[in-house]
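Asker: You'll find upload.cif just under this line, and it carries mmCIF, C-alpha atoms.
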```cif
data_start
loop_
_atom_site.group_PDB
_atom_site.id
_atom_site.type_symbol
_atom_site.label_atom_id
_atom_site.label_comp_id
_atom_site.auth_asym_id
_atom_site.auth_seq_id
_atom_site.Cartn_x
_atom_site.Cartn_y
_atom_site.Cartn_z
ATOM 1 C CA MET A 190 -16.221 19.667 132.053
ATOM 2 C CA SER A 191 -15.663 22.708 129.966
ATOM 3 C CA GLU A 192 -18.407 24.870 131.373
ATOM 4 C CA GLN A 193 -18.255 28.519 132.368
ATOM 5 C CA LYS A 194 -20.661 30.383 134.598
ATOM 6 C CA ASN A 195 -21.947 33.478 132.908
ATOM 7 C CA GLY A 196 -24.163 35.197 135.477
ATOM 8 C CA SER A 197 -26.897 32.697 136.305
ATOM 9 C CA ARG A 198 -26.435 30.866 133.029
ATOM 10 C CA VAL A 199 -24.125 27.891 132.472
ATOM 11 C CA ARG A 200 -22.506 27.967 129.043
ATOM 12 C CA ARG A 201 -20.307 25.375 127.370
ATOM 13 C CA ARG A 202 -17.176 26.345 125.513
ATOM 14 C CA LYS A 203 -17.201 25.329 121.887
ATOM 15 C CA ARG A 204 -15.299 22.180 121.064
ATOM 16 C CA VAL A 205 -14.592 21.546 117.411
ATOM 17 C CA LEU A 206 -14.610 17.903 116.391
ATOM 18 C CA SER A 207 -12.532 16.679 113.471
ATOM 19 C CA ALA A 208 -14.176 14.810 110.612
ATOM 20 C CA GLU A 209 -12.778 11.540 111.998
ATOM 21 C CA GLU A 210 -14.258 12.283 115.429
ATOM 22 C CA LYS A 211 -17.640 13.130 113.887
ATOM 23 C CA LEU A 212 -17.578 9.809 112.063
ATOM 24 C CA GLN A 213 -16.827 8.016 115.344
ATOM 25 C CA VAL A 214 -19.716 9.837 117.033
ATOM 26 C CA TRP A 215 -22.074 8.836 114.224
ATOM 27 C CA GLN A 216 -20.926 5.210 114.340
ATOM 28 C CA GLN A 217 -21.423 5.120 118.106
ATOM 29 C CA LEU A 218 -24.930 6.502 117.685
ATOM 30 C CA LEU A 219 -25.794 4.016 114.936
ATOM 31 C CA SER A 220 -24.490 1.032 116.847
ATOM 32 C CA GLY A 221 -26.412 2.057 119.956
ATOM 33 C CA GLU A 222 -23.175 2.291 121.924
ATOM 34 C CA LEU A 223 -24.132 5.817 122.993
ATOM 35 C CA SER A 224 -27.322 7.820 123.208
ATOM 36 C CA GLN A 225 -27.389 11.417 122.000
ATOM 37 C CA ARG A 226 -27.008 12.661 125.541
ATOM 38 C CA GLY A 227 -24.254 10.143 126.267
ATOM 39 C CA ALA A 228 -22.385 11.150 123.117
ATOM 40 C CA ALA A 229 -22.622 14.826 124.047
ATOM 41 C CA GLU A 230 -21.166 14.070 127.467
ATOM 42 C CA ARG A 231 -18.530 11.659 126.145
ATOM 43 C CA TRP A 232 -17.285 14.067 123.457
ATOM 44 C CA ASP A 233 -17.797 17.158 125.637
ATOM 45 C CA VAL A 234 -19.995 18.979 123.148
ATOM 46 C CA ASP A 235 -23.447 20.505 123.177
ATOM 47 C CA PRO A 236 -26.333 18.100 122.443
ATOM 48 C CA THR A 237 -27.282 20.221 119.426
ATOM 49 C CA THR A 238 -23.851 19.405 117.969
ATOM 50 C CA ILE A 239 -24.704 15.709 118.179
ATOM 51 C CA MET A 240 -28.078 16.310 116.518
ATOM 52 C CA ARG A 241 -26.348 18.255 113.732
ATOM 53 C CA ILE A 242 -23.801 15.443 113.195
ATOM 54 C CA ARG A 243 -26.665 12.928 112.862
ATOM 55 C CA LYS A 244 -28.545 15.129 110.418
ATOM 56 C CA VAL A 245 -25.533 15.878 108.202
ATOM 57 C CA ALA A 246 -24.353 12.253 108.221
ATOM 58 C CA ARG A 247 -27.817 10.970 107.302
ATOM 59 C CA GLU A 248 -28.238 13.496 104.482
ATOM 60 C CA SER A 249 -24.758 12.752 103.148
ATOM 61 C CA ALA A 250 -25.337 9.008 103.258
ATOM 62 C CA LEU A 251 -28.660 9.367 101.425
ATOM 63 C CA ALA A 252 -27.092 11.609 98.766
ATOM 64 C CA GLY A 253 -24.248 9.152 98.268
ATOM 65 C CA LEU A 254 -26.582 6.201 97.974
ATOM 66 C CA ALA A 255 -28.889 8.045 95.594
ATOM 67 C CA ALA A 256 -25.936 8.904 93.337
ATOM 68 C CA SER A 257 -24.681 5.324 93.180
ATOM 69 C CA ARG A 258 -26.215 2.965 90.698
ATOM 70 C CA PRO A 259 -25.715 -0.808 90.618
ATOM 71 C CA GLY A 260 -23.319 -1.929 87.923
ATOM 72 C CA ARG A 261 -21.978 1.568 87.249
ATOM 73 C CA ARG A 262 -18.554 2.862 88.052
ATOM 74 C CA GLY A 263 -17.974 5.741 90.412
ATOM 75 C CA GLU A 264 -17.468 9.325 89.265
ATOM 76 C CA ALA A 265 -13.723 9.219 89.973
ATOM 77 C CA VAL A 266 -13.288 6.337 87.542
ATOM 78 C CA ASP A 267 -15.474 8.129 84.990
ATOM 79 C CA ALA A 268 -13.356 11.287 85.303
ATOM 80 C CA GLU A 269 -10.175 9.291 84.735
ATOM 81 C CA LEU A 270 -11.764 7.558 81.757
ATOM 82 C CA ALA A 271 -12.856 10.875 80.242
ATOM 83 C CA ALA A 272 -9.349 12.303 80.704
ATOM 84 C CA ALA A 273 -7.813 9.217 79.084
ATOM 85 C CA ARG A 274 -10.206 9.436 76.131
ATOM 86 C CA ALA A 275 -9.378 13.123 75.661
ATOM 87 C CA GLU A 276 -5.674 12.282 75.674
ATOM 88 C CA ILE A 277 -6.213 9.501 73.105
ATOM 89 C CA GLU A 278 -8.118 11.922 70.871
ATOM 90 C CA ARG A 279 -5.357 14.525 71.170
ATOM 91 C CA LEU A 280 -2.659 11.993 70.337
ATOM 92 C CA SER A 281 -4.685 10.618 67.409
ATOM 93 C CA GLU A 282 -4.946 14.092 65.909
ATOM 94 C CA THR A 283 -1.198 14.618 66.366
ATOM 95 C CA VAL A 284 -0.411 11.331 64.597
ATOM 96 C CA LYS A 285 -2.740 12.273 61.709
ATOM 97 C CA GLU A 286 -1.051 15.670 61.318
ATOM 98 C CA GLN A 287 2.395 14.090 61.335
ATOM 99 C CA ALA A 288 1.322 11.475 58.766
ATOM 100 C CA ILE A 289 0.050 14.228 56.448
ATOM 101 C CA GLU A 290 3.330 16.151 56.830
ATOM 102 C CA LEU A 291 5.314 12.996 56.109
ATOM 103 C CA VAL A 292 3.310 12.258 52.951
ATOM 104 C CA MET A 293 3.758 15.841 51.792
ATOM 105 C CA LEU A 294 7.516 15.794 52.417
ATOM 106 C CA ARG A 295 8.003 12.431 50.723
ATOM 107 C CA GLY A 296 5.830 13.522 47.835
ATOM 108 C CA LYS A 297 7.913 16.655 47.310
ATOM 109 C CA GLN A 298 11.159 14.693 47.331
ATOM 110 C CA ARG A 299 9.902 12.146 44.790
ATOM 111 C CA SER A 300 8.498 14.703 42.383
ATOM 112 C CA GLY A 301 11.733 16.664 42.399
ATOM 113 C CA TRP A 302 10.582 19.909 43.984
#
```
With the file now loaded, output its structure as structure tokens.

Answerer:
Amino acid sequence: MSEQKNGSRVRRRKRVLSAEEKLQVWQQLLSGELSQRGAAERWDVDPTTIMRIRKVARESALAGLAASRPGRRGEAVDAELAAARAEIERLSETVKEQAIELVMLRGKQRSGW
């Protein structure tokens, strides 16, 4: 264990879990594979860390589910679509400008300017 004696108090050293490890902890808690206390012991972290992982994961899952709507595309697809539409608009304007210039140039040549 990673415990240190500080006077009469026993204190754990901080262990930082990666995002992947936090996901594994949350999955183990959801599946019932580990209890909160068991997860704290297994991952060598403070029990409050496990409670925080559960809280953050639950809030994030609820926010993600609330943002999703059946039959609608995700935000990433919408962002790509918006960028593509902006590019189409830009190119359309460029083609229009070039067509006007071409008409003007051809018109000048035909009228003898």

Asker: To one decimal place, how far is atom CA of Ala246 of chain A from atom CA of Lys211 of chain A in Å?

Answerer: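 Distance reported for this atom pair: 8.8 Å.
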
Asker: Need the shell around Trp232 of chain A: protein/DNA/RNA residues with any atom at most 12 Å away, counting only C-alpha atoms. Skip same-chain ones fewer than 3 positions apart. Format as a list in words?

Answerer: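 Here the answer would be Met190, Ser191, Lys203, Arg204, Val205, Leu206, Ser207, Glu210, Lys211, Gln213, Val214, Trp215, Gln217, Leu223, Ser224, Gln225, Arg226, Gly227, Ala228, Ala229, Asp235, Pro236, Thr238 and Ile239 of chain A.
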
Asker: Between atom CA of Leu251 of chain A and atom CA of Gln216 of chain A, what is the distance, to one decimal in Å?

Answerer: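 Separation between atom CA of Leu251 of chain A and atom CA of Gln216 of chain A: 15.6 Å.
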
Asker: Which distance in Å separates atom CA of Glu222 of chain A and atom CA of Val245 of chain A, to one decimal?

Answerer: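 Calculated distance between atom CA of Glu222 of chain A and atom CA of Val245 of chain A is 19.5 Å.
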